[in-house]
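What follows is the content of target.tsv, which has TSV, C-alpha atoms:
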chain	number	residue	atom	x	y	z
Q	9	MET	CA	-31.20	24.01	14.30
Q	10	ALA	CA	-31.99	20.55	15.74
Q	11	LEU	CA	-35.31	19.78	17.44
Q	12	GLU	CA	-35.04	17.35	20.35
Q	13	GLY	CA	-36.92	16.30	23.44
Q	14	SER	CA	-38.71	13.46	25.22
Q	15	LEU	CA	-41.58	11.40	23.82
Q	16	ARG	CA	-43.38	11.86	27.15
Q	17	ASP	CA	-43.69	15.59	26.39
Q	18	PHE	CA	-44.23	15.40	22.63
Q	19	ASP	CA	-45.72	12.15	21.28
Q	20	LEU	CA	-45.06	10.69	17.86
Q	21	PHE	CA	-48.48	11.62	16.46
Q	22	SER	CA	-47.83	15.31	17.14
Q	23	LEU	CA	-44.25	15.04	15.92
Q	24	PHE	CA	-45.22	13.39	12.60
Q	25	ASN	CA	-48.05	15.91	12.11
Q	26	MET	CA	-45.66	18.83	12.62
Q	27	ILE	CA	-43.16	17.44	10.08
Q	28	LYS	CA	-45.95	16.83	7.56
Q	29	THR	CA	-47.59	20.24	8.02
Q	30	GLN	CA	-44.34	22.19	7.73
Q	31	GLY	CA	-43.07	20.00	4.88
Q	32	LYS	CA	-39.72	19.45	6.59
Q	33	SER	CA	-36.83	17.44	5.19
Q	34	GLY	CA	-34.33	15.71	7.43
Q	35	THR	CA	-33.73	12.76	9.74
Q	36	LEU	CA	-35.80	11.89	12.80
Q	37	VAL	CA	-33.86	9.77	15.30
Q	38	LEU	CA	-35.90	7.94	17.95
Q	39	SER	CA	-33.96	6.31	20.78
Q	40	ARG	CA	-34.90	4.12	23.70
Q	41	GLY	CA	-32.05	2.65	25.72
Q	42	GLN	CA	-29.68	0.92	23.30
Q	43	GLU	CA	-32.24	0.87	20.47
Q	44	PHE	CA	-32.65	3.65	17.95
Q	45	VAL	CA	-34.70	4.12	14.80
Q	46	LYS	CA	-33.99	6.55	11.98
Q	47	ILE	CA	-36.84	7.85	9.81
Q	48	PHE	CA	-35.97	9.97	6.78
Q	49	PHE	CA	-38.34	12.71	5.56
Q	50	ASP	CA	-38.32	14.65	2.31
Q	51	GLN	CA	-40.79	17.57	2.13
Q	52	GLY	CA	-42.99	15.93	4.73
Q	53	ASP	CA	-43.05	12.40	3.18
Q	54	ILE	CA	-41.25	9.34	4.51
Q	55	VAL	CA	-38.49	8.25	2.10
Q	56	GLY	CA	-36.56	5.75	4.22
Q	57	CYS	CA	-36.26	3.97	7.54
Q	58	ASP	CA	-33.57	2.07	9.42
Q	59	SER	CA	-33.01	0.48	12.82
Q	60	ASN	CA	-29.96	-0.72	14.73
Q	61	GLN	CA	-31.81	-3.80	15.99
Q	62	VAL	CA	-32.40	-5.43	12.59
Q	63	ARG	CA	-31.06	-3.94	9.38
Q	64	MET	CA	-33.58	-3.37	6.61
Q	65	GLU	CA	-31.51	-5.42	4.16
Q	66	ASP	CA	-31.57	-8.41	6.51
Q	67	ARG	CA	-35.32	-8.15	7.04
Q	68	VAL	CA	-36.00	-8.13	3.31
Q	69	GLY	CA	-33.54	-10.96	2.67
Q	70	ALA	CA	-35.01	-13.11	5.44
Q	71	MET	CA	-38.53	-12.50	4.11
Q	72	LEU	CA	-37.43	-13.57	0.61
Q	73	VAL	CA	-35.98	-16.76	2.11
Q	74	ARG	CA	-39.33	-17.52	3.75
Q	75	LEU	CA	-41.10	-16.83	0.45
Q	76	GLY	CA	-38.82	-19.30	-1.31
Q	77	ARG	CA	-37.24	-16.67	-3.55
Q	78	LEU	CA	-33.80	-17.24	-2.01
Q	79	SER	CA	-32.11	-20.04	-0.13
Q	80	GLY	CA	-30.23	-19.45	3.09
Q	81	ASP	CA	-26.88	-20.00	1.36
Q	82	GLU	CA	-27.83	-17.60	-1.44
Q	83	LEU	CA	-28.73	-14.91	1.09
Q	84	LEU	CA	-25.42	-15.38	2.92
Q	85	ALA	CA	-23.60	-15.08	-0.41
Q	86	MET	CA	-25.58	-11.88	-1.15
Q	87	ILE	CA	-24.63	-10.43	2.25
Q	88	GLN	CA	-20.96	-11.27	1.67
Q	89	LYS	CA	-21.08	-9.75	-1.82
Q	90	GLN	CA	-22.70	-6.62	-0.40
Q	91	ARG	CA	-19.83	-6.22	2.08
Q	92	GLN	CA	-17.31	-6.55	-0.75
Q	93	THR	CA	-19.01	-4.35	-3.36
Q	94	LEU	CA	-20.74	-1.88	-0.96
Q	95	LYS	CA	-23.84	-2.08	-3.15
Q	96	ARG	CA	-27.34	-2.03	-1.72
Q	97	MET	CA	-29.04	-5.33	-1.07
Q	98	GLY	CA	-31.94	-4.29	-3.29
Q	99	THR	CA	-29.59	-3.65	-6.22
Q	100	LEU	CA	-27.92	-7.04	-5.78
Q	101	LEU	CA	-31.31	-8.79	-5.56
Q	102	LEU	CA	-32.48	-7.16	-8.77
Q	103	GLU	CA	-29.22	-7.99	-10.55
Q	104	SER	CA	-29.58	-11.64	-9.50
Q	105	GLY	CA	-32.97	-11.82	-11.24
Q	106	LYS	CA	-34.54	-13.65	-8.29
Q	107	VAL	CA	-36.91	-10.82	-7.35
Q	108	SER	CA	-38.83	-8.21	-9.33
Q	109	SER	CA	-38.77	-4.48	-8.74
Q	110	GLN	CA	-42.36	-4.47	-7.47
Q	111	ASP	CA	-41.67	-7.31	-5.04
Q	112	LEU	CA	-38.68	-5.43	-3.66
Q	113	GLN	CA	-40.71	-2.22	-3.23
Q	114	ASP	CA	-43.44	-4.11	-1.39
Q	115	ALA	CA	-40.92	-5.79	0.86
Q	116	LEU	CA	-39.17	-2.53	1.76
Q	117	PHE	CA	-42.51	-0.83	2.40
Q	118	ASN	CA	-43.79	-3.59	4.70
Q	119	GLN	CA	-40.58	-3.81	6.66
Q	120	ALA	CA	-40.30	-0.02	7.06
Q	121	MET	CA	-43.86	0.17	8.31
Q	122	SER	CA	-43.19	-2.64	10.77
Q	123	ILE	CA	-40.30	-0.66	12.27
Q	124	ILE	CA	-42.26	2.61	12.40
Q	125	TYR	CA	-45.39	1.08	13.92
Q	126	ARG	CA	-43.35	-0.53	16.66
Q	127	THR	CA	-41.99	2.86	17.70
Q	128	PHE	CA	-45.55	4.16	18.18
Q	129	ARG	CA	-45.91	1.65	21.03
Q	130	TRP	CA	-42.94	3.12	22.90
Q	131	ILE	CA	-44.06	4.53	26.23
Q	132	GLU	CA	-40.88	6.54	26.74
Q	133	GLY	CA	-37.87	7.55	24.70
Q	134	ASP	CA	-36.15	10.54	23.14
Q	135	TYR	CA	-36.35	12.16	19.72
Q	136	ARG	CA	-34.07	14.40	17.70
Q	137	PHE	CA	-34.78	15.91	14.28
Q	138	ASP	CA	-31.93	17.27	12.15
Q	139	SER	CA	-32.37	18.93	8.77
Q	140	ILE	CA	-29.73	16.62	7.30
Q	141	LEU	CA	-30.87	14.05	4.76
Q	142	PRO	CA	-28.47	11.30	3.59
Q	143	LEU	CA	-27.65	11.31	-0.08
Q	144	ASP	CA	-27.51	7.50	-0.43
Q	145	LEU	CA	-31.19	6.78	0.14
Q	146	ASP	CA	-32.68	4.06	-2.06
Q	147	ARG	CA	-35.29	6.28	-3.65
Q	148	GLU	CA	-35.68	4.02	-6.69
Q	149	ASN	CA	-36.99	1.07	-4.68
Q	150	PHE	CA	-38.52	3.06	-1.81
Q	151	PRO	CA	-41.22	5.44	-3.12
Q	152	PRO	CA	-42.31	8.24	-0.75
Q	153	ILE	CA	-44.92	7.27	1.86
Q	154	PRO	CA	-47.48	9.93	2.92
Q	155	VAL	CA	-47.47	10.59	6.63
Q	156	ASP	CA	-51.29	10.47	6.77
Q	157	THR	CA	-51.20	6.81	5.70
Q	158	VAL	CA	-48.80	6.01	8.51
Q	159	LEU	CA	-50.78	7.88	11.15
Q	160	MET	CA	-54.09	6.22	10.23
Q	161	GLU	CA	-52.58	2.74	10.40
Q	162	ALA	CA	-50.70	3.62	13.61
Q	163	ALA	CA	-53.96	4.72	15.25
Q	164	ARG	CA	-55.56	1.38	14.38
Q	165	ILE	CA	-52.58	-0.52	15.77
Q	166	MET	CA	-52.62	1.46	19.01
Q	167	ASP	CA	-56.30	0.56	19.48
Q	168	GLU	CA	-55.93	-3.17	18.72
Q	169	TRP	CA	-52.50	-3.92	20.12
Q	170	PRO	CA	-53.37	-4.15	23.86
Q	171	GLU	CA	-55.97	-6.86	23.18
Q	172	VAL	CA	-53.61	-8.82	20.91
Q	173	GLN	CA	-50.79	-8.55	23.44
Q	174	ARG	CA	-53.06	-9.94	26.15
Q	175	ARG	CA	-53.67	-13.08	24.07
Q	176	LEU	CA	-49.98	-13.80	23.47
Q	177	PRO	CA	-47.22	-15.17	25.71
Q	178	ASP	CA	-43.88	-13.41	26.08
Q	179	GLY	CA	-42.32	-12.62	22.72
Q	180	ASN	CA	-39.10	-14.50	23.54
Q	181	ILE	CA	-40.76	-17.81	24.48
Q	182	PRO	CA	-40.43	-20.37	21.66
Q	183	LEU	CA	-43.59	-21.83	20.16
Q	184	LYS	CA	-43.97	-25.06	18.19
Q	185	LYS	CA	-46.59	-26.92	16.18
Q	186	THR	CA	-48.93	-29.23	18.04
Q	187	ASP	CA	-49.68	-32.81	16.95
Q	188	LYS	CA	-52.90	-31.49	15.45
Q	189	ALA	CA	-50.96	-29.03	13.26
Q	190	LEU	CA	-48.44	-31.69	12.23
Q	191	ALA	CA	-51.28	-33.94	11.04
Q	192	LEU	CA	-52.96	-31.10	9.15
Q	193	ARG	CA	-52.52	-30.97	5.38
Q	194	LEU	CA	-52.24	-27.32	4.38
Q	195	ASP	CA	-53.87	-25.99	1.25
Q	196	ILE	CA	-50.67	-24.30	0.08
Q	197	ASP	CA	-48.91	-27.68	0.22
Q	198	GLN	CA	-51.75	-29.25	-1.73
Q	199	GLU	CA	-51.53	-26.56	-4.38
Q	200	VAL	CA	-47.84	-27.25	-4.86
Q	201	SER	CA	-48.50	-31.00	-5.03
Q	202	SER	CA	-51.23	-30.52	-7.62
Q	203	VAL	CA	-48.87	-28.53	-9.79
Q	204	PHE	CA	-46.24	-31.27	-9.71
Q	205	ASP	CA	-48.85	-33.99	-10.23
Q	206	GLY	CA	-50.32	-32.19	-13.25
Q	207	ARG	CA	-53.80	-31.71	-11.74
Q	208	GLY	CA	-55.53	-28.48	-12.54
Q	209	ALA	CA	-57.92	-28.45	-9.58
Q	210	LEU	CA	-57.77	-29.57	-5.98
Q	211	ASP	CA	-59.60	-32.76	-5.04
Q	212	MET	CA	-58.64	-32.73	-1.36
Q	213	ASN	CA	-60.36	-31.39	1.72
Q	214	SER	CA	-59.56	-27.85	2.81
Q	215	SER	CA	-57.57	-27.23	5.97
Q	216	GLY	CA	-60.08	-24.66	7.15
Q	217	LEU	CA	-57.38	-22.00	7.58
Q	218	THR	CA	-56.91	-18.77	5.71
Q	219	HIS	CA	-53.95	-18.33	3.44
Q	220	GLU	CA	-52.35	-15.92	5.95
Q	221	GLN	CA	-52.78	-18.42	8.80
Q	222	GLU	CA	-51.22	-21.21	6.76
Q	223	THR	CA	-48.32	-18.96	5.75
Q	224	VAL	CA	-47.54	-18.01	9.36
Q	225	LEU	CA	-47.92	-21.64	10.45
Q	226	THR	CA	-45.23	-22.69	7.97
Q	227	TYR	CA	-42.75	-20.49	9.85
Q	228	PHE	CA	-42.89	-22.92	12.78
Q	229	THR	CA	-41.17	-25.88	11.14
Q	230	GLU	CA	-39.01	-25.74	14.28
Q	231	PRO	CA	-39.57	-23.91	17.59
Q	232	GLN	CA	-39.61	-20.17	16.95
Q	233	SER	CA	-40.23	-17.16	19.17
Q	234	ILE	CA	-42.77	-14.54	18.21
Q	235	GLN	CA	-40.03	-11.94	17.83
Q	236	SER	CA	-38.07	-14.09	15.38
Q	237	VAL	CA	-41.20	-14.71	13.30
Q	238	VAL	CA	-42.02	-10.99	13.22
Q	239	GLN	CA	-38.58	-10.31	11.75
Q	240	ILE	CA	-39.05	-12.66	8.81
Q	241	THR	CA	-42.77	-12.52	8.03
Q	242	ARG	CA	-44.18	-10.81	4.98
Q	243	TYR	CA	-47.01	-9.28	7.05
Q	244	ASP	CA	-46.85	-6.38	9.49
Q	245	GLU	CA	-46.27	-7.02	13.16
Q	246	LEU	CA	-49.85	-6.53	14.34
Q	247	ASP	CA	-51.38	-8.87	11.74
Q	248	THR	CA	-48.68	-11.47	12.39
Q	249	CYS	CA	-49.29	-11.41	16.14
Q	250	LYS	CA	-53.06	-11.63	15.61
Q	251	ILE	CA	-52.60	-14.71	13.42
Q	252	ILE	CA	-50.27	-16.33	15.99
Q	253	ALA	CA	-52.88	-15.67	18.69
Q	254	GLU	CA	-55.55	-17.32	16.52
Q	255	LEU	CA	-53.32	-20.35	15.91
Q	256	LEU	CA	-52.68	-20.68	19.66
Q	257	GLU	CA	-56.40	-20.52	20.40
Q	258	ALA	CA	-57.11	-23.08	17.65
Q	259	GLY	CA	-54.69	-25.56	19.25
Q	260	LEU	CA	-52.25	-25.50	16.33
Q	261	LEU	CA	-49.42	-23.86	18.27
Q	262	GLU	CA	-48.21	-24.37	21.82
Q	263	ILE	CA	-45.35	-23.31	24.05
Q	264	SER	CA	-42.32	-25.48	23.50
Q	265	GLN	CA	-41.56	-27.63	26.56
Q	266	GLU	CA	-37.94	-28.12	25.53
Q	267	GLY	CA	-37.01	-24.94	27.41
Q	268	HIS	CA	-37.78	-21.29	27.37
Q	269	GLU	CA	-34.42	-20.31	25.99
Q	270	ARG	CA	-34.41	-18.16	22.93
Q	271	THR	CA	-34.05	-20.09	19.72
Q	272	ALA	CA	-30.91	-19.54	17.74
Q	273	PRO	CA	-31.44	-17.10	14.85
Q	274	PRO	CA	-30.65	-18.17	11.31
Q	275	ALA	CA	-27.22	-17.37	9.96
Q	276	TRP	CA	-28.47	-14.35	8.01
Q	277	GLY	CA	-30.05	-12.97	11.21
Q	278	LEU	CA	-26.77	-12.81	13.09
Q	279	PRO	CA	-24.78	-9.58	13.46
Q	280	ILE	CA	-22.39	-8.85	10.62
Q	281	GLU	CA	-19.34	-9.72	12.74
Q	282	ALA	CA	-20.79	-13.13	13.73
Q	283	ARG	CA	-21.97	-14.25	10.29
Q	284	PRO	CA	-20.08	-17.12	8.73
Q	285	ILE	CA	-18.08	-15.97	5.75
Q	286	PRO	CA	-18.20	-18.31	2.76
Q	287	LYS	CA	-14.79	-19.85	2.31
Q	288	GLU	CA	-13.19	-19.79	-1.09
Q	289	PRO	CA	-11.71	-23.02	-2.43
Q	290	ALA	CA	-8.25	-23.59	-1.05
Q	291	GLY	CA	-5.44	-23.04	-3.53
Q	292	PRO	CA	-1.77	-22.15	-3.67
Q	293	SER	CA	-0.83	-18.78	-2.28
Q	294	PRO	CA	0.26	-16.15	-4.83
Q	295	TRP	CA	3.61	-16.12	-3.00
Q	296	PHE	CA	4.16	-19.85	-3.48
Q	297	TRP	CA	6.10	-19.81	-6.76
Q	298	PRO	CA	8.19	-16.70	-5.93
Q	299	MET	CA	9.29	-18.38	-2.70
Q	300	VAL	CA	10.21	-21.54	-4.63
Q	301	ALA	CA	12.33	-19.46	-7.00
Q	302	VAL	CA	14.09	-17.78	-4.06
Q	303	LEU	CA	14.86	-21.13	-2.41
Q	304	VAL	CA	16.30	-22.48	-5.68
Q	305	LEU	CA	18.38	-19.44	-6.63
Q	306	ALA	CA	19.64	-18.47	-3.19
Q	307	PRO	CA	22.28	-21.26	-2.96
Q	308	LEU	CA	23.58	-20.36	-6.42
Q	309	PHE	CA	24.26	-16.74	-5.49
Q	310	THR	CA	25.59	-17.48	-2.00
Q	311	TYR	CA	28.00	-20.28	-3.02
Q	312	VAL	CA	31.59	-19.23	-2.42
Q	313	PRO	CA	34.24	-21.42	-4.15
Q	314	MET	CA	37.81	-21.57	-2.91
Q	315	ALA	CA	38.95	-19.73	-6.05
Q	316	ARG	CA	37.01	-16.64	-4.86
Q	317	SER	CA	35.32	-16.18	-8.23
Q	318	SER	CA	31.77	-15.98	-6.83
Q	319	LEU	CA	29.34	-13.28	-7.84
Q	320	ASN	CA	28.91	-12.52	-4.15
Q	321	GLN	CA	32.16	-10.73	-3.42
Q	322	GLY	CA	31.08	-9.97	0.12
Q	323	LEU	CA	30.96	-13.65	1.07
Q	324	ALA	CA	34.00	-14.42	-1.04
Q	325	SER	CA	36.02	-12.01	1.10
Q	326	LEU	CA	35.49	-14.34	4.07
Q	327	GLN	CA	37.65	-16.99	2.41
Q	328	PRO	CA	41.35	-17.23	3.38
Q	329	PRO	CA	43.34	-14.69	1.38
Q	330	ASP	CA	45.32	-15.90	-1.61
Q	331	VAL	CA	48.17	-13.44	-1.03
Q	332	ARG	CA	49.82	-12.49	2.27
Q	333	ILE	CA	51.86	-9.35	2.70
Q	334	ASP	CA	54.88	-9.94	4.98
Q	335	LEU	CA	55.39	-7.37	7.70
Q	336	ASP	CA	58.65	-5.63	8.41
Q	337	ARG	CA	60.72	-6.63	11.45
Q	338	SER	CA	59.74	-3.65	13.61
Q	339	THR	CA	56.00	-4.23	13.03
Q	340	ARG	CA	56.31	-7.95	13.80
Q	341	ASP	CA	58.09	-7.19	17.07
Q	342	ARG	CA	55.40	-4.75	18.16
Q	343	ARG	CA	52.62	-7.23	17.32
Q	344	ALA	CA	54.41	-10.03	19.24
Q	345	TRP	CA	54.87	-7.71	22.22
Q	346	ALA	CA	51.11	-6.90	22.15
Q	347	PHE	CA	50.21	-10.59	22.22
Q	348	LYS	CA	52.60	-11.12	25.12
Q	349	LEU	CA	51.00	-8.32	27.12
Q	350	ALA	CA	47.53	-9.72	26.45
Q	351	SER	CA	48.47	-13.26	27.52
Q	352	PRO	CA	51.68	-13.23	29.58
Q	353	VAL	CA	51.28	-16.88	30.72
Q	354	ASP	CA	52.26	-18.40	27.39
Q	355	GLY	CA	53.76	-15.35	25.84
Q	356	GLY	CA	50.68	-14.77	23.67
Q	357	ALA	CA	51.16	-17.96	21.67
Q	358	ALA	CA	47.58	-19.25	22.15
Q	359	LEU	CA	46.03	-15.92	21.31
Q	360	ALA	CA	48.20	-15.52	18.23
Q	361	LYS	CA	47.27	-19.01	17.06
Q	362	GLU	CA	43.55	-18.30	17.55
Q	363	LEU	CA	43.81	-15.13	15.48
Q	364	GLY	CA	46.01	-16.73	12.85
Q	365	ALA	CA	49.06	-14.56	13.55
Q	366	ASP	CA	52.60	-15.87	13.08
Q	367	LEU	CA	54.99	-15.18	15.98
Q	368	GLY	CA	57.95	-16.81	14.29
Q	369	SER	CA	60.06	-19.71	15.58
Q	370	ALA	CA	60.44	-20.62	19.25
Q	371	LYS	CA	63.99	-19.20	19.28
Q	372	THR	CA	62.77	-15.78	18.29
Q	373	VAL	CA	63.37	-13.38	21.12
Q	374	ILE	CA	60.60	-10.83	21.68
Q	375	PRO	CA	62.17	-7.52	22.63
Q	376	ASP	CA	61.10	-5.88	25.86
Q	377	PHE	CA	59.71	-2.50	24.81
Q	378	THR	CA	59.33	-1.42	28.46
Q	379	LYS	CA	63.07	-0.90	28.58
Q	380	SER	CA	62.95	1.33	25.58
Q	381	PRO	CA	62.66	5.03	26.27
Q	382	ASP	CA	59.09	6.33	26.19
Q	383	THR	CA	58.84	8.76	23.37
Q	384	LEU	CA	56.00	10.56	25.15
Q	385	PHE	CA	58.25	11.56	28.07
Q	386	MET	CA	61.59	12.00	26.27
Q	387	ALA	CA	63.06	15.46	26.32
Q	388	PRO	CA	62.87	17.03	22.94
Q	389	PRO	CA	66.21	17.17	21.14
Q	390	PRO	CA	67.99	20.50	21.36
Q	391	VAL	CA	67.20	22.86	18.63
Q	392	PRO	CA	70.45	23.74	16.85
Q	393	ALA	CA	71.35	27.39	16.81
Q	394	PRO	CA	70.85	29.05	13.50
Q	395	VAL	CA	73.98	29.48	11.47
Q	396	VAL	CA	74.67	33.12	10.75
Q	397	GLU	CA	76.71	33.63	7.63
Q	398	PRO	CA	79.17	36.60	7.69
Q	399	ALA	CA	78.07	39.62	5.77
Q	400	ALA	CA	79.83	40.17	2.47
Q	401	PRO	CA	82.21	43.17	2.32
Q	402	PRO	CA	80.82	46.15	0.49
Q	403	ALA	CA	81.92	46.59	-3.10
Q	404	PRO	CA	84.49	49.34	-3.75
Q	405	ALA	CA	83.09	52.52	-5.22
Q	406	PRO	CA	84.00	53.07	-8.84
Q	407	LYS	CA	86.75	55.66	-9.53
Q	408	LYS	CA	85.91	58.76	-11.46
Q	409	LYS	CA	87.89	59.45	-14.56
Q	410	SER	CA	89.66	62.80	-14.77
Q	411	GLY	CA	88.96	65.19	-17.57
Q	412	LYS	CA	92.63	65.70	-18.38

File written out as structure tokens:
Amino acid sequence: MALEGSLRDFDLFSLFNMIKTQGKSGTLVLSRGQEFVKIFFDQGDIVGCDSNQVRMEDRVGAMLVRLGRLSGDELLAMIQKQRQTLKRMGTLLLESGKVSSQDLQDALFNQAMSIIYRTFRWIEGDYRFDSILPLDLDRENFPPIPVDTVLMEAARIMDEWPEVQRRLPDGNIPLKKTDKALALRLDIDQEVSSVFDGRGALDMNSSGLTHEQETVLTYFTEPQSIQSVVQITRYDELDTCKIIAELLEAGLLEISQEGHERTAPPAWGLPIEARPIPKEPAGPSPWFWPMVAVLVLAPLFTYVPMARSSLNQGLASLQPPDVRIDLDRSTRDRRAWAFKLASPVDGGAALAKELGADLGSAKTVIPDFTKSPDTLFMAPPPVPAPVVEPAAPPAPAPKKKSGK
């Protein structure tokens, strides 16, 4: 039996506690308007999460792009391959060798927690719990998460989120680096440079930022909204927003003056239907050579010589006949009379010529069949009376011989 209701009457903390205490297994669906989140439980532990706003596979792929593990083109190719093979994104990433199993587990954990923690900030919505658990959960790369861990972190987020939200502009407004940030040399860039230059230690001044602040700052190579950064960051939503607020207060980020329109998402962030599909190299169609063979052989089989010896006897029958059978006189007269009735102006000559019929010479007289008696109305000939043959005379009786 399904359990459903409103989040105004039964909040998520109570709902998660009930599922944990009773050790339930099933799917919890949280909905708010057009958005819904699915959280999968197995014996009271969280074993999966999904959302219709941003698919888990896309979140993990976008995060790996930001981490430099994948390029944008490689992620698009992975998404296309996933649609063709129906394999999970995690399986394809592991098969490609570009990410380790532990990295994938961490990414799935962080992204699932980001989705779940966001639902705890919902003021209103509906819930429904069904005791149906999908069989295709990625249990290998998504280890069970205790509900207590989620509730403790959710309580901290609920306490800190109002203050962080007060320090931030609207989540859809694009932000960009200031001139101060563009002139700043980040430590993570210096570390990469030292590796390529062969230096073992850094001999440059520090940027004064934490590693997390530098990582989030690198996301703003072009104007980005807070929501788009939250979808691709390796950190949870609260920590990411706190870092963005710190960067705004430090004068390293500012609101983009180019317009408050939402920035275009990367190609891998688009809906599945709108994503560009990698085009395969153009080549001849598999039907090319069969069509060439048909065009070459068709004239050979449809050629009809005058001798009517073609393989196609159907077309050969359209040629003029080699032998004509002459009609008897009565049949010719009836045919000529029919042409005359059809075209009385010229006696049927034009029509007979068009149809290839021979009416004979000009001196031939066409009999007028209207003067002939109509066989349909002629009186039947009299039936002759039957001929009755005379009866034969009876044979004379044999004579008896006397005994004398």

Gap from atom CA of Arg147 of chain Q to atom CA of Leu20 of chain Q - Å, one decimal
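Separation of atom CA of Arg147 of chain Q and atom CA of Leu20 of chain Q: 24.0 Å.
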
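Among the candidates Q:Leu260, Q:Leu101, Q:Ile87, Q:Ile153, the residue lying nearest to Phe117 of chain Q is Q:Ile153 (atoms considered: only C-alpha atoms).
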
Within 10 Å of Asp156 of chain Q, counting only C-alpha atoms, which residues show up once you throw out same-chain ones fewer than 3 positions away? Write them as a CSV table (one decimal) with C-alpha atoms, in the frame of the given file, please.
chain,number,residue,atom,x,y,z
Q,24,PHE,CA,-45.2,13.4,12.6
Q,25,ASN,CA,-48.0,15.9,12.1
Q,28,LYS,CA,-46.0,16.8,7.6
Q,53,ASP,CA,-43.0,12.4,3.2
Q,153,ILE,CA,-44.9,7.3,1.9
Q,159,LEU,CA,-50.8,7.9,11.2
Q,160,MET,CA,-54.1,6.2,10.2
Q,161,GLU,CA,-52.6,2.7,10.4
Q,162,ALA,CA,-50.7,3.6,13.6

Expressed in Å to a single decimal, how great is the separation between atom CA of Glu43 of chain Q and atom CA of Asp17 of chain Q?
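Between atom CA of Glu43 of chain Q and atom CA of Asp17 of chain Q the gap is 19.6 Å.
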
Excluding Leu246 of chain Q and its own-chain neighbours fewer than 3 positions away, which residues fall within 8 Å of it when counting all atoms listed in the file? Please give them as a PyMOL selection string.
chain Q and resi 165+169+172+249-250

Let me make sure I understand: among Q:Pro142, Q:Gln51, Q:Arg129, Q:Thr218, which one has the smallest atom-to-atom distance to Pro170 of chain Q if we use all atoms listed in the file?
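The answer is Q:Arg129, which sits nearest to Pro170 of chain Q.
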
Could you pull the residues within 6 Å of Gly52 of chain Q, counting all atoms listed in the file, minus those fewer than 4 positions along the same chain, as a VMD selection string?
chain Q and resid 27 to 28 31 to 32

Figure out the distance between atom CA of Phe48 of chain Q and atom CA of Pro152 of chain Q, please, to one decimal in Å.
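Distance between the two atoms: 10.0 Å.
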
Proximity to Asp144 of chain Q - best of Q:Ala85, Q:Ile181, Q:Arg340, Q:Val55, all atoms listed in the file:
Q:Val55

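Nearest to Arg174 of chain Q of all the residues Q:Ala253, Q:Met299, Q:Val73, Q:Leu83 is Q:Ala253, based on all atoms listed in the file.
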
Counting all atoms listed in the file, figure out which residue out of Q:Arg242, Q:Leu143, Q:Ala301, Q:Pro231 gets nearest to Asp111 of chain Q.
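Distance minimum relative to Asp111 of chain Q lands on Q:Arg242.
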
With distances taken over all atoms listed in the file, which residue among Q:Gly355, Q:Thr226, Q:Ala163, Q:Ser79 lies nearest Leu192 of chain Q?
Q:Thr226

Size and centre in Å, one decimal, axis-aligned box, all listed segment 25-43 of chain Q atoms plus 4 Å per side, as lines of an AutoDock Vina configuration file:
center_x = -38.9
center_y = 11.5
center_z = 15.3
size_x = 26.4
size_y = 29.3
size_z = 28.8

If you count all atoms listed in the file, which residues fall within 9 Å of Ala344 of chain Q, apart from same-chain ones fewer than 2 positions away, as an MDAnalysis selection string?
chainID Q and resid 339:342 346:349 355:357 360 366:367 374:375
